[in-house]
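Notes follow once the structure below has been shown.
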Amino acid sequence: MSGYYTVGGGRPLNGSLKVSGAKNAALKMIVASLIADGVTTLRNVPNITDVEITLKLCGELGATYRWTDDTTVEIDARTVNNHVIPVKYSGSTRTPILFVSPLLHRLGKAEVATIGGCSIGPRPINYHIEGLKQLGVHVDMTGKTAYCFQADRLKGNIISLEYPSVGATENLIMAAVAAEGRTVIQNAAIEPEILNLVGMLQAMGAIIYQDVNRVWIIEGTKKFRAVEYDVMYDRIEAASFAACALATKGDVFVEGAIQRDMATFLDVLRKIGGSFDIKPHGIRFSYEGELKPVNMETDVHPGFMTDWHPPFGALLTQANGISVIHETVYESRFGYVETLVSMGARIQLTTDCLGSRECRFTNKNYKHSALIAGVTPLRPGTLHIPDLRAGFAYIMSALIAEGESRIYGTEFVKRGYSDLIGKFRAIGADIDEVEENAD
């Protein structure tokens with residue numbers, strides 16, 4: 001079975017919704033549970049495709065798991081006995097490479113094919129491999145895309161990452177917690193989702209703390225107990241619905257939106273004229289007049305998150321003037337632009353760096369900057385989603401446009417958004433899912 005969304009746009013979104021647990025935290029915490037000796041319980045886990053894939057992968061490796069309710073899952077890693085991550089998972093998610101560290105701790109070896117995920121640019125694993133080598137891991141290639149990792153015991157070291165990669169930082173932290181001696185990871189990522197993972201590892205028995213200037217320090221230990229731990233709320237989902245509220249001239253309370261985790265987003269939102277009120281359990285976002293253009297650059301935390309970019313790009317089509325987005329994280333993040341242009345948006349892409357931040361893509365001919373002119377009335381259309389975050393931007397654009405749109409590729413948004421239809425309906429969106437036979 002395959003299907004599509006029908007979206008009727010042209011009216012404000014009003015009401016309240018509750019965001020789910022963070023995909024980018026939950027997946028890594030599920031992987032980390034394989035380090036524990038016992039049954040780990042994770043709460044506030046989003047019921048999404050990527051989570052189910054990651055749990056099935058745990059099962060393939062010999063672990064057992066079960067959902068005790070809609071958002072709580074138990075994982076028992078004591079039966080892990082398989083070091084080979086099946087190749088069938090390599091193209092569906094970026095998570096497989098992260099299983100290397102728990103498997104090295106438990107079995108002394110791991111085998112994995114290269115990673116997959118959304119089509120927003122290459123996700124090389126060289127940062128993972130080089131860091132693991134510095135911890136004493138022997139790495140062999142068994143083909144063009146498969147790697148074997150082996151280590152009798154990992155040894156702490158000083159690792160300096162070329163780029164503060166989130167995935168590499170998480171993998172090396174999970175490797176270092178059971179390594180012999182001290183590990184120092186320099187130029188590391190420090191995203192809130194990593195702090196959530198680190199908190200869980202510390203509760204399990206790890207000795208780990210954050211130092212100044214993007215440094216993590218880990219003292220290796222040998223025993224890791226099972227814990228009960230909460231997944232943080234999804235700041236990407238919260239920001240996406242905030243953008244929807246402003247773009248449709250609505251008023252939406254987002255329960256689970258945390259000011260601390262969204263500070264940079266909130267600053268940019270205020271610059272364009274958006275209004276928000278901090279409440280005890282969330283944030284209310286409301287339209288209070290004409291939106292203004294802005295120059296914005298994505299960056300690693302604490303900068304403006306790249307996953308906030310596509311919905312914000314759609315929002316800027318409704319700002320009065322010329323806005324600039326400079327993407328510095330993923331070279332192909334602007335894959336959503338062509339479809340928005342087909343709906344009437346006025347967006348010009350360029351290979352130039354239209355910003356002040358140091359950029360990895362300088363002089364590399366990637367179209368990683370955009371000029372967005374508004375206010376632009378958007379037209380409904382038939383849309384095909386290319387990746388997760390673009391998918392939300394398409395739904396959002398369809399809600400801005402007057403008339404009915406049809407959106408295909410719903411499997412992409414189901415990877416990262418739990419009960420998306422229900423949440424949109426809670427704030428008054430005219431949206432339905434239609435299933436149809438694949439043949």
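In the structure tokens, the first chain shown is A, the next is B, and so on; residue numbers restart at 1 for each chain, and ligands run from 1 in the order shown.
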Contact check, stretch 99-179 of chain A to stretch 69-82 of chain A, at most 9 Å, counting only C-alpha atoms, closest pairs as JSON lines:
{"residue": "A:Leu103", "atom": "CA", "partner": "A:Val80", "partner_atom": "CA", "distance": 8.4}
{"residue": "A:Arg106", "atom": "CA", "partner": "A:Val80", "partner_atom": "CA", "distance": 7.8}
{"residue": "A:Leu107", "atom": "CA", "partner": "A:Asn81", "partner_atom": "CA", "distance": 7.4}
{"residue": "A:Ala110", "atom": "CA", "partner": "A:Asn82", "partner_atom": "CA", "distance": 8.5}
For this session: Please identify all polymer residues within 8 Å of A:Arg379, counting only C-alpha atoms, omitting same-chain residues fewer than 5 positions from it, and present them as a PyMOL selection string.
Result: chain A and resi 343-344+398+401-403
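Relative to atom CA of A:Ile236, atom CA of A:Arg43 is found at 18.5 Å.
Closest approach to A:Pro310 among A:Gly391, A:Asp277, A:Gly355, A:Arg270: A:Gly391, based on only C-alpha atoms.
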For this session: List every residue of stretch 237-425 of chain A that DSSP, applied to the backbone of this structure, assigns to alpha helix (DSSP H), and report them as a ChimeraX atom specification.
Result: /A:237-247,263-271,309-316,337-342,388-400,410-414,420-425
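Atom pair atom CA of A:Ala26 / atom CA of A:Glu433 has a distance of 26.0 Å (rounded to one decimal).
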Exercise. Can you tell me, as a PyMOL selection string, what residues are no more than 8 Å from A:Leu315 when counting only C-alpha atoms, ignoring any on the same chain fewer than 6 positions away?
Worked result: chain A and resi 243-244+246-247
Please dump the current selection as a JSON list (two decimals), in the first residue's frame; keep N, CA and C atoms.
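Wrote it out as again_28.json, contents follow:
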[["chain", "number", "residue", "atom", "x", "y", "z"],
["A", 243, "ALA", "N", 6.80, 27.65, 12.92],
["A", 243, "ALA", "CA", 6.85, 28.27, 11.60],
["A", 243, "ALA", "C", 5.50, 28.20, 10.91],
["A", 244, "CYS", "N", 4.79, 27.08, 11.08],
["A", 244, "CYS", "CA", 3.45, 26.93, 10.51],
["A", 244, "CYS", "C", 2.49, 27.97, 11.06],
["A", 246, "LEU", "N", 3.07, 30.97, 12.22],
["A", 246, "LEU", "CA", 3.33, 32.31, 11.67],
["A", 246, "LEU", "C", 2.99, 32.38, 10.19],
["A", 247, "ALA", "N", 3.35, 31.34, 9.44],
["A", 247, "ALA", "CA", 3.15, 31.36, 7.99],
["A", 247, "ALA", "C", 1.68, 31.42, 7.62]]
For this session: Run DSSP on the backbone of this structure and report the residues of stretch 5-82 of chain A it assigns to strand (DSSP E or B), as number ranges by chain.
Result: A: 5-9, 14-18, 21, 37, 39-43, 64-69, 72-76
Write out, as a PDB file, in the first residue's frame, the residues just selected, with C-alpha atoms.
ATOM      1  CA  TYR A   5      -1.887  13.528   1.867  1.00  0.00           C
ATOM      2  CA  THR A   6      -4.592  15.900   0.727  1.00  0.00           C
ATOM      3  CA  VAL A   7      -4.123  19.364   2.209  1.00  0.00           C
ATOM      4  CA  GLY A   8      -6.551  22.252   2.035  1.00  0.00           C
ATOM      5  CA  GLY A   9      -4.806  25.546   2.609  1.00  0.00           C
ATOM      6  CA  ASN A  14      -5.150  27.855  15.752  1.00  0.00           C
ATOM      7  CA  GLY A  15      -5.115  25.617  18.804  1.00  0.00           C
ATOM      8  CA  SER A  16      -2.645  23.533  20.750  1.00  0.00           C
ATOM      9  CA  LEU A  17      -0.614  20.360  20.242  1.00  0.00           C
ATOM     10  CA  LYS A  18       2.041  18.373  22.073  1.00  0.00           C
ATOM     11  CA  GLY A  21      10.085  12.816  21.903  1.00  0.00           C
ATOM     12  CA  ASP A  37      23.586  -5.060  31.620  1.00  0.00           C
ATOM     13  CA  VAL A  39      16.556  -4.084  30.813  1.00  0.00           C
ATOM     14  CA  THR A  40      16.662  -0.405  29.884  1.00  0.00           C
ATOM     15  CA  THR A  41      13.403   1.553  29.856  1.00  0.00           C
ATOM     16  CA  LEU A  42      13.110   4.621  27.643  1.00  0.00           C
ATOM     17  CA  ARG A  43      10.131   6.953  28.030  1.00  0.00           C
ATOM     18  CA  THR A  64      14.851  -8.171  22.787  1.00  0.00           C
ATOM     19  CA  TYR A  65      12.469  -5.235  23.083  1.00  0.00           C
ATOM     20  CA  ARG A  66       8.824  -4.475  23.719  1.00  0.00           C
ATOM     21  CA  TRP A  67       6.574  -1.425  23.848  1.00  0.00           C
ATOM     22  CA  THR A  68       4.858  -1.173  27.234  1.00  0.00           C
ATOM     23  CA  ASP A  69       2.688   1.731  26.056  1.00  0.00           C
ATOM     24  CA  THR A  72       7.660   3.612  26.418  1.00  0.00           C
ATOM     25  CA  VAL A  73       9.967   0.847  25.239  1.00  0.00           C
ATOM     26  CA  GLU A  74      12.017  -1.735  27.138  1.00  0.00           C
ATOM     27  CA  ILE A  75      15.266  -3.079  25.650  1.00  0.00           C
ATOM     28  CA  ASP A  76      17.198  -6.079  27.001  1.00  0.00           C
TER      29      ASP A  76
END
